[in-house]
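Asks: Below you will find the structure I want to go over with you.
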Amino acid sequence: MTNYDTNPFAEEEVNPFADGVPKGKGSGRHGGGAFYTTNPGSAKLSPLPHEPHDRGTTVDIALDLPKDLKAKEKELQAREAELKRREQELKRKEDAIARAGIVIEEKNWPPVFPLIHHDIAKEIPIHLQAIQYVAFTTWLGLIFCLTFNIAAVTVAWLKGEGLSIWFLSIIYFISGVPASYVMWYRPLYRATRTDSALKFGWFFICYSFHVLFCVLAAVAPPLVFKGKSLTGILPALEILTYNPMLGILYLIGCGFFTIESLLSIWVIQQVYMYFRGSGKAAQMKREATMGAMMHAL
């Protein structure tokens with residue numbers, strides 16, 4: 001007996017998401033024979049990625065107008081012109097200082113804590129460097145002598161020689177070290193650097209007092225210096241009679257002052273020989289005469 005479909009126009013129910021499609025509701029023409037249909041969309045598709053975007057942020061795009069660019073260019077040109085003007089002004093001042101013979105002295109000595117300007121190798125002529133080095137040695141020697149004098153007088157004070165001599169030794173050091181630099185060493189340094197006759201003359205006057213002080217300190221007569229405030233030969237001989245150790249300490253100080261005196265005498269002789277041989281004496285007389293005339297006028 002032949003089976004007929006109840007509704008030949010009815011569509012079969014198909015699951016499009018299944019890998020294999022089950023048999024339809026209807027039995028089909030072949031009488032109960034099951035049939036399957038394939039799903040062309042059965043392959044799994046990956047979802048498309050979302051477009052990256054952030055609605056909460058804004059992007060500023062700088063749009064420089066031609067007028068703004070011209071304004072910035074003019075500002076840069078004005079700054080460049082100002083820098084050039086300052087450089088020219090500075091160069092003009094440096095040239096004027098150089099023509100006037102003024103040297104800008106930068107403090108560079110001692111290296112640890114610069115207090116003064118000092119550069120013999122670069123600023124002093126070669127033929128005067130030896131004299132300048134020895135003069136510098138005498139200035140350092142004076143500092144050493146006065147320092148040793150404080151130490152010896154301090155021991156004498158502790159041994160009962162009185163507090164006044166200790167205060168005097170401090171005064172010698174405080175007044176002697178800066179005064180020696182300002183009064184005679186710096187004038188000699190500038191005189192040898194600039195070859196100035198007047199500075200040489202000032203050096204001779206002040207350095208003569210320095211030599212006289214060193215000679216008196218090596219002797220330390222009681223008429224000039226009070227008590228035992230200086231380690232001279234006379235206080236040393238007196239102290240040796242009752243305190244040999246302190247007397248030897250004073251004798252060592254006397255030896256330092258003696259060496260300082262001899263070196264200082266050699267320096268003033270060498271500078272004077274150069275001063276006379278180079279014709280600076282006559283030049284100093286002419287400059288002094290001209291200065292007196294100008295002052296009188």
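Naming scheme: A, B, ... for chains in displayed order of the structure tokens; residues 1 onward per chain; ligands 1 onward as shown.
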Extract, using only C-alpha atoms, all DNA, RNA and protein residues at most 10 Å from region 162-168 of chain A, discarding same-chain residues fewer than 4 positions from it, and format them as a PyMOL selection string.
Replies: chain A and resi 149-158+172-174+225-230
Asks: Dump all heavy atoms for the selected residues as a compact mmCIF listing (two decimals), in the first residue's frame?
Replies:
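Result file out_36.txt:
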# COMPACT_ATOMS: atom_id res chain seq x y z
N ASN A 149 106.51 80.10 66.51
CA ASN A 149 106.67 81.00 67.65
C ASN A 149 105.49 80.90 68.60
O ASN A 149 105.66 80.90 69.84
CB ASN A 149 106.82 82.43 67.14
CG ASN A 149 107.08 83.42 68.25
OD1 ASN A 149 108.17 83.50 68.80
ND2 ASN A 149 106.05 84.19 68.60
N ILE A 150 104.25 80.78 68.05
CA ILE A 150 103.08 80.61 68.91
C ILE A 150 103.19 79.32 69.72
O ILE A 150 102.89 79.29 70.93
CB ILE A 150 101.79 80.62 68.05
CG1 ILE A 150 101.56 81.98 67.45
CG2 ILE A 150 100.59 80.18 68.88
CD1 ILE A 150 100.36 82.05 66.52
N ALA A 151 103.63 78.23 69.07
CA ALA A 151 103.75 76.95 69.78
C ALA A 151 104.76 77.04 70.91
O ALA A 151 104.51 76.57 72.04
CB ALA A 151 104.14 75.85 68.79
N ALA A 152 105.93 77.64 70.64
CA ALA A 152 106.97 77.74 71.68
C ALA A 152 106.53 78.64 72.82
O ALA A 152 106.74 78.32 74.01
CB ALA A 152 108.27 78.25 71.05
N VAL A 153 105.91 79.76 72.49
CA VAL A 153 105.46 80.69 73.54
C VAL A 153 104.32 80.07 74.35
O VAL A 153 104.20 80.32 75.56
CB VAL A 153 105.06 82.03 72.91
CG1 VAL A 153 104.45 82.95 73.96
CG2 VAL A 153 106.27 82.69 72.28
N THR A 154 103.50 79.25 73.71
CA THR A 154 102.44 78.56 74.45
C THR A 154 103.03 77.63 75.50
O THR A 154 102.54 77.57 76.66
CB THR A 154 101.54 77.77 73.48
OG1 THR A 154 100.99 78.65 72.50
CG2 THR A 154 100.43 77.06 74.23
N VAL A 155 104.09 76.91 75.14
CA VAL A 155 104.76 76.05 76.12
C VAL A 155 105.36 76.88 77.24
O VAL A 155 105.28 76.51 78.42
CB VAL A 155 105.84 75.20 75.42
CG1 VAL A 155 106.61 74.37 76.44
CG2 VAL A 155 105.21 74.28 74.37
N ALA A 156 105.94 78.03 76.88
CA ALA A 156 106.52 78.91 77.91
C ALA A 156 105.43 79.44 78.84
O ALA A 156 105.65 79.54 80.06
CB ALA A 156 107.27 80.05 77.23
N TRP A 157 104.29 79.77 78.29
CA TRP A 157 103.18 80.24 79.13
C TRP A 157 102.72 79.14 80.09
O TRP A 157 102.46 79.40 81.27
CB TRP A 157 102.04 80.69 78.23
CG TRP A 157 100.73 80.88 78.94
CD1 TRP A 157 100.53 81.52 80.12
CD2 TRP A 157 99.46 80.38 78.50
NE1 TRP A 157 99.19 81.47 80.47
CE2 TRP A 157 98.51 80.78 79.49
CE3 TRP A 157 99.03 79.67 77.40
CZ2 TRP A 157 97.17 80.47 79.37
CZ3 TRP A 157 97.68 79.38 77.28
CH2 TRP A 157 96.76 79.77 78.26
N LEU A 158 102.63 77.90 79.59
CA LEU A 158 102.24 76.79 80.46
C LEU A 158 103.28 76.51 81.53
O LEU A 158 102.95 75.96 82.60
CB LEU A 158 101.99 75.54 79.62
CG LEU A 158 100.82 75.62 78.62
CD1 LEU A 158 100.74 74.36 77.78
CD2 LEU A 158 99.50 75.88 79.34
N TYR A 172 101.30 88.97 66.79
CA TYR A 172 102.32 88.93 65.72
C TYR A 172 101.83 88.14 64.52
O TYR A 172 102.03 88.55 63.36
CB TYR A 172 103.62 88.31 66.25
CG TYR A 172 104.27 89.05 67.38
CD1 TYR A 172 105.05 88.37 68.32
CD2 TYR A 172 104.11 90.42 67.53
CE1 TYR A 172 105.65 89.04 69.38
CE2 TYR A 172 104.70 91.10 68.59
CZ TYR A 172 105.47 90.40 69.51
OH TYR A 172 106.06 91.06 70.56
N PHE A 173 101.19 87.02 64.79
CA PHE A 173 100.73 86.18 63.69
C PHE A 173 99.55 86.82 62.95
O PHE A 173 99.54 86.87 61.71
CB PHE A 173 100.31 84.80 64.24
CG PHE A 173 99.84 83.85 63.18
CD1 PHE A 173 100.74 83.05 62.51
CD2 PHE A 173 98.49 83.75 62.85
CE1 PHE A 173 100.33 82.16 61.51
CE2 PHE A 173 98.06 82.87 61.87
CZ PHE A 173 98.98 82.08 61.20
N ILE A 174 98.56 87.30 63.69
CA ILE A 174 97.35 87.84 63.06
C ILE A 174 97.67 89.08 62.23
O ILE A 174 97.11 89.28 61.14
CB ILE A 174 96.29 88.16 64.14
CG1 ILE A 174 95.81 86.86 64.80
CG2 ILE A 174 95.12 88.91 63.54
CD1 ILE A 174 94.84 87.09 65.93
N PHE A 225 110.98 93.89 72.19
CA PHE A 225 109.90 92.93 72.40
C PHE A 225 109.83 92.58 73.88
O PHE A 225 110.86 92.31 74.51
CB PHE A 225 110.12 91.67 71.58
CG PHE A 225 110.20 91.95 70.09
CD1 PHE A 225 111.42 91.98 69.45
CD2 PHE A 225 109.06 92.19 69.35
CE1 PHE A 225 111.50 92.23 68.10
CE2 PHE A 225 109.13 92.44 68.01
CZ PHE A 225 110.35 92.47 67.36
N LYS A 226 108.64 92.57 74.40
CA LYS A 226 108.45 92.32 75.81
C LYS A 226 108.69 90.86 76.16
O LYS A 226 108.14 89.97 75.53
CB LYS A 226 107.04 92.74 76.23
CG LYS A 226 106.75 92.51 77.70
CD LYS A 226 105.32 92.90 78.04
CE LYS A 226 105.04 92.62 79.52
NZ LYS A 226 103.65 92.99 79.89
N GLY A 227 109.50 90.63 77.18
CA GLY A 227 109.69 89.30 77.74
C GLY A 227 110.16 88.30 76.71
O GLY A 227 111.09 88.54 75.94
N LYS A 228 109.45 87.18 76.65
CA LYS A 228 109.83 86.06 75.77
C LYS A 228 108.74 85.79 74.75
O LYS A 228 108.42 84.66 74.43
CB LYS A 228 110.08 84.82 76.63
CG LYS A 228 111.12 85.03 77.73
CD LYS A 228 111.21 83.86 78.65
CE LYS A 228 112.25 84.11 79.74
NZ LYS A 228 111.85 85.26 80.62
N SER A 229 108.19 86.87 74.18
CA SER A 229 107.11 86.73 73.19
C SER A 229 107.63 86.28 71.83
O SER A 229 106.84 85.85 70.99
CB SER A 229 106.36 88.05 73.03
OG SER A 229 107.24 89.08 72.61
N LEU A 230 108.95 86.36 71.61
CA LEU A 230 109.56 85.87 70.38
C LEU A 230 110.71 84.93 70.72
O LEU A 230 111.43 85.13 71.71
CB LEU A 230 110.09 87.03 69.52
CG LEU A 230 109.04 87.83 68.76
CD1 LEU A 230 109.67 89.03 68.09
CD2 LEU A 230 108.33 86.96 67.72
Asks: Please provide as a compact mmCIF listing (two decimals) with N, CA, C and O atoms, in the first residue's frame all residues within 7 Å of Arg193 (chain A), with the sequence filter that same-chain residues fewer than 3 positions apart are discarded (counting only C-alpha atoms).
Replies:
# COMPACT_ATOMS: atom_id res chain seq x y z
N GLU A 123 102.18 83.80 34.68
CA GLU A 123 102.07 85.26 34.67
C GLU A 123 103.39 85.99 34.85
O GLU A 123 103.48 87.17 34.50
N ILE A 124 104.39 85.35 35.40
CA ILE A 124 105.67 86.01 35.66
C ILE A 124 106.64 85.67 34.53
O ILE A 124 106.72 84.51 34.12
N PRO A 125 107.39 86.64 34.01
CA PRO A 125 108.40 86.34 32.99
C PRO A 125 109.42 85.32 33.47
O PRO A 125 109.71 85.21 34.67
N TYR A 189 104.76 90.75 43.31
CA TYR A 189 104.14 89.90 42.29
C TYR A 189 103.63 90.75 41.13
O TYR A 189 103.85 90.43 39.95
N ARG A 190 102.97 91.83 41.43
CA ARG A 190 102.44 92.69 40.37
C ARG A 190 103.56 93.45 39.67
O ARG A 190 103.46 93.74 38.47
Asks: Record the distance separating CA of Ala220 (chain A) and CA of Thr147 (chain A), expressed in Å with one decimal.
Replies: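 Between CA of Ala220 (chain A) and CA of Thr147 (chain A) the gap is 16.3 Å.
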Asks: Which residues are close to region 209-219 of chain A, i.e. within 9 Å by only C-alpha atoms, leaving aside same-chain residues fewer than 2 positions away? Reply as a JSON list (two decimals) with N, CA, C and O atoms, in the first residue's frame.
Replies:
[["chain", "number", "residue", "atom", "x", "y", "z"],
["A", 142, "LEU", "N", 107.81, 83.07, 56.65],
["A", 142, "LEU", "CA", 107.37, 83.95, 57.73],
["A", 142, "LEU", "C", 106.14, 83.37, 58.44],
["A", 142, "LEU", "O", 106.04, 83.41, 59.68],
["A", 180, "SER", "N", 102.07, 91.16, 55.59],
["A", 180, "SER", "CA", 103.19, 90.83, 54.71],
["A", 180, "SER", "C", 102.73, 90.57, 53.28],
["A", 180, "SER", "O", 103.40, 90.95, 52.32],
["A", 184, "TRP", "N", 104.09, 93.72, 50.90],
["A", 184, "TRP", "CA", 105.28, 93.50, 50.07],
["A", 184, "TRP", "C", 105.20, 92.32, 49.09],
["A", 184, "TRP", "O", 105.78, 92.39, 48.00],
["A", 204, "PHE", "N", 110.37, 97.70, 47.83],
["A", 204, "PHE", "CA", 111.63, 97.91, 48.55],
["A", 204, "PHE", "C", 111.38, 98.53, 49.92],
["A", 204, "PHE", "O", 112.01, 98.13, 50.92],
["A", 205, "ILE", "N", 110.45, 99.47, 49.99],
["A", 205, "ILE", "CA", 110.17, 100.12, 51.29],
["A", 205, "ILE", "C", 109.60, 99.11, 52.29],
["A", 205, "ILE", "O", 110.09, 98.99, 53.43],
["A", 206, "CYS", "N", 108.59, 98.38, 51.87],
["A", 206, "CYS", "CA", 107.91, 97.45, 52.79],
["A", 206, "CYS", "C", 108.78, 96.24, 53.10],
["A", 206, "CYS", "O", 108.78, 95.75, 54.25],
["A", 207, "TYR", "N", 109.51, 95.73, 52.11],
["A", 207, "TYR", "CA", 110.32, 94.54, 52.35],
["A", 207, "TYR", "C", 111.50, 94.84, 53.27],
["A", 207, "TYR", "O", 111.98, 93.95, 53.98],
["A", 221, "PRO", "N", 115.65, 91.32, 71.33],
["A", 221, "PRO", "CA", 116.15, 92.11, 72.47],
["A", 221, "PRO", "C", 114.99, 92.53, 73.37],
["A", 221, "PRO", "O", 113.90, 92.85, 72.88],
["A", 224, "VAL", "N", 112.93, 95.90, 72.67],
["A", 224, "VAL", "CA", 111.96, 96.03, 71.59],
["A", 224, "VAL", "C", 110.74, 95.14, 71.83],
["A", 224, "VAL", "O", 109.60, 95.58, 71.71],
["A", 225, "PHE", "N", 110.98, 93.89, 72.19],
["A", 225, "PHE", "CA", 109.90, 92.93, 72.40],
["A", 225, "PHE", "C", 109.83, 92.58, 73.88],
["A", 225, "PHE", "O", 110.86, 92.31, 74.51],
["A", 230, "LEU", "N", 108.95, 86.36, 71.61],
["A", 230, "LEU", "CA", 109.56, 85.87, 70.38],
["A", 230, "LEU", "C", 110.71, 84.93, 70.72],
["A", 230, "LEU", "O", 111.43, 85.13, 71.71],
["A", 231, "THR", "N", 110.88, 83.90, 69.88],
["A", 231, "THR", "CA", 111.89, 82.88, 70.13],
["A", 231, "THR", "C", 113.25, 83.34, 69.58],
["A", 231, "THR", "O", 113.76, 82.78, 68.60],
["A", 232, "GLY", "N", 113.81, 84.37, 70.18],
["A", 232, "GLY", "CA", 115.12, 84.87, 69.76],
["A", 232, "GLY", "C", 116.25, 84.23, 70.54],
["A", 232, "GLY", "O", 116.04, 83.43, 71.47],
["A", 233, "ILE", "N", 117.48, 84.63, 70.21],
["A", 233, "ILE", "CA", 118.65, 84.03, 70.84],
["A", 233, "ILE", "C", 118.79, 84.48, 72.29],
["A", 233, "ILE", "O", 119.18, 83.69, 73.16],
["A", 234, "LEU", "N", 118.46, 85.72, 72.59],
["A", 234, "LEU", "CA", 118.60, 86.21, 73.97],
["A", 234, "LEU", "C", 117.62, 85.53, 74.92],
["A", 234, "LEU", "O", 118.04, 85.06, 76.01],
["A", 235, "PRO", "N", 116.32, 85.41, 74.59],
["A", 235, "PRO", "CA", 115.43, 84.65, 75.48],
["A", 235, "PRO", "C", 115.82, 83.18, 75.58],
["A", 235, "PRO", "O", 115.68, 82.58, 76.66],
["A", 253, "GLY", "N", 113.42, 77.97, 67.25],
["A", 253, "GLY", "CA", 112.70, 79.12, 66.69],
["A", 253, "GLY", "C", 113.66, 80.21, 66.24],
["A", 253, "GLY", "O", 113.44, 80.85, 65.20],
["A", 254, "CYS", "N", 114.72, 80.42, 67.00],
["A", 254, "CYS", "CA", 115.74, 81.40, 66.60],
["A", 254, "CYS", "C", 116.39, 80.99, 65.28],
["A", 254, "CYS", "O", 116.65, 81.84, 64.42],
["A", 255, "GLY", "N", 116.65, 79.71, 65.10],
["A", 255, "GLY", "CA", 117.23, 79.24, 63.84],
["A", 255, "GLY", "C", 116.30, 79.48, 62.67],
["A", 255, "GLY", "O", 116.74, 79.88, 61.58],
["A", 256, "PHE", "N", 115.00, 79.28, 62.86],
["A", 256, "PHE", "CA", 114.04, 79.54, 61.77],
["A", 256, "PHE", "C", 114.02, 81.02, 61.39],
["A", 256, "PHE", "O", 114.03, 81.37, 60.19],
["A", 257, "PHE", "N", 114.02, 81.90, 62.36],
["A", 257, "PHE", "CA", 114.04, 83.33, 62.06],
["A", 257, "PHE", "C", 115.35, 83.74, 61.38],
["A", 257, "PHE", "O", 115.36, 84.64, 60.53],
["A", 258, "THR", "N", 116.46, 83.10, 61.74],
["A", 258, "THR", "CA", 117.74, 83.41, 61.11],
["A", 258, "THR", "C", 117.73, 83.01, 59.63],
["A", 258, "THR", "O", 118.18, 83.79, 58.77],
["A", 260, "GLU", "N", 115.11, 82.70, 57.76],
["A", 260, "GLU", "CA", 114.19, 83.61, 57.10],
["A", 260, "GLU", "C", 114.87, 84.96, 56.81],
["A", 260, "GLU", "O", 114.67, 85.55, 55.73],
["A", 261, "SER", "N", 115.68, 85.43, 57.73],
["A", 261, "SER", "CA", 116.39, 86.71, 57.52],
["A", 261, "SER", "C", 117.37, 86.61, 56.36],
["A", 261, "SER", "O", 117.44, 87.51, 55.51],
["A", 262, "LEU", "N", 118.14, 85.52, 56.29],
["A", 262, "LEU", "CA", 119.12, 85.36, 55.22],
["A", 262, "LEU", "C", 118.45, 85.27, 53.85],
["A", 262, "LEU", "O", 118.90, 85.89, 52.87],
["A", 264, "SER", "N", 115.54, 86.46, 53.02],
["A", 264, "SER", "CA", 114.93, 87.75, 52.71],
["A", 264, "SER", "C", 115.98, 88.75, 52.21],
["A", 264, "SER", "O", 115.73, 89.53, 51.29],
["A", 265, "ILE", "N", 117.18, 88.72, 52.82],
["A", 265, "ILE", "CA", 118.26, 89.60, 52.36],
["A", 265, "ILE", "C", 118.67, 89.25, 50.93],
["A", 265, "ILE", "O", 118.92, 90.13, 50.10],
["A", 268, "ILE", "N", 115.94, 90.66, 48.44],
["A", 268, "ILE", "CA", 115.96, 92.10, 48.21],
["A", 268, "ILE", "C", 117.20, 92.50, 47.41],
["A", 268, "ILE", "O", 117.17, 93.44, 46.60]]
Asks: Can you list, as a PyMOL selection string, all residues belonging to region 62-234 of chain A that DSSP tags as alpha helix (DSSP H)?
Replies: chain A and resi 66-100+120-123+126-156+164-180+186-194+197-219+233-234
Asks: Calculate how many Å separate CA of Pro187 (chain A) from CA of Gly201 (chain A), rounding to one decimal.
Replies: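 A separation of 9.2 Å between them.
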Asks: From the options A:Thr138, A:Asp95, A:Phe113, A:Ile131, which residue's atoms come nearest to Tyr272 (chain A), counting only C-alpha atoms?
Replies: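 So, comparing all the options, the nearest one is A:Ile131.
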Asks: Which value, in Å to one decimal, gives the distance between CA of Thr192 (chain A) and CA of Gly176 (chain A)?
Replies: 22.8 Å
Asks: Using only C-alpha atoms, which protein or nucleic acid residues come within 9 Å of Leu246 (chain A)? Drop anything in the same chain fewer than 2 positions from it, and give the result as number ranges by chain.
Replies: A: 152, 155-156, 159, 236, 239-240, 243-244, 248-251
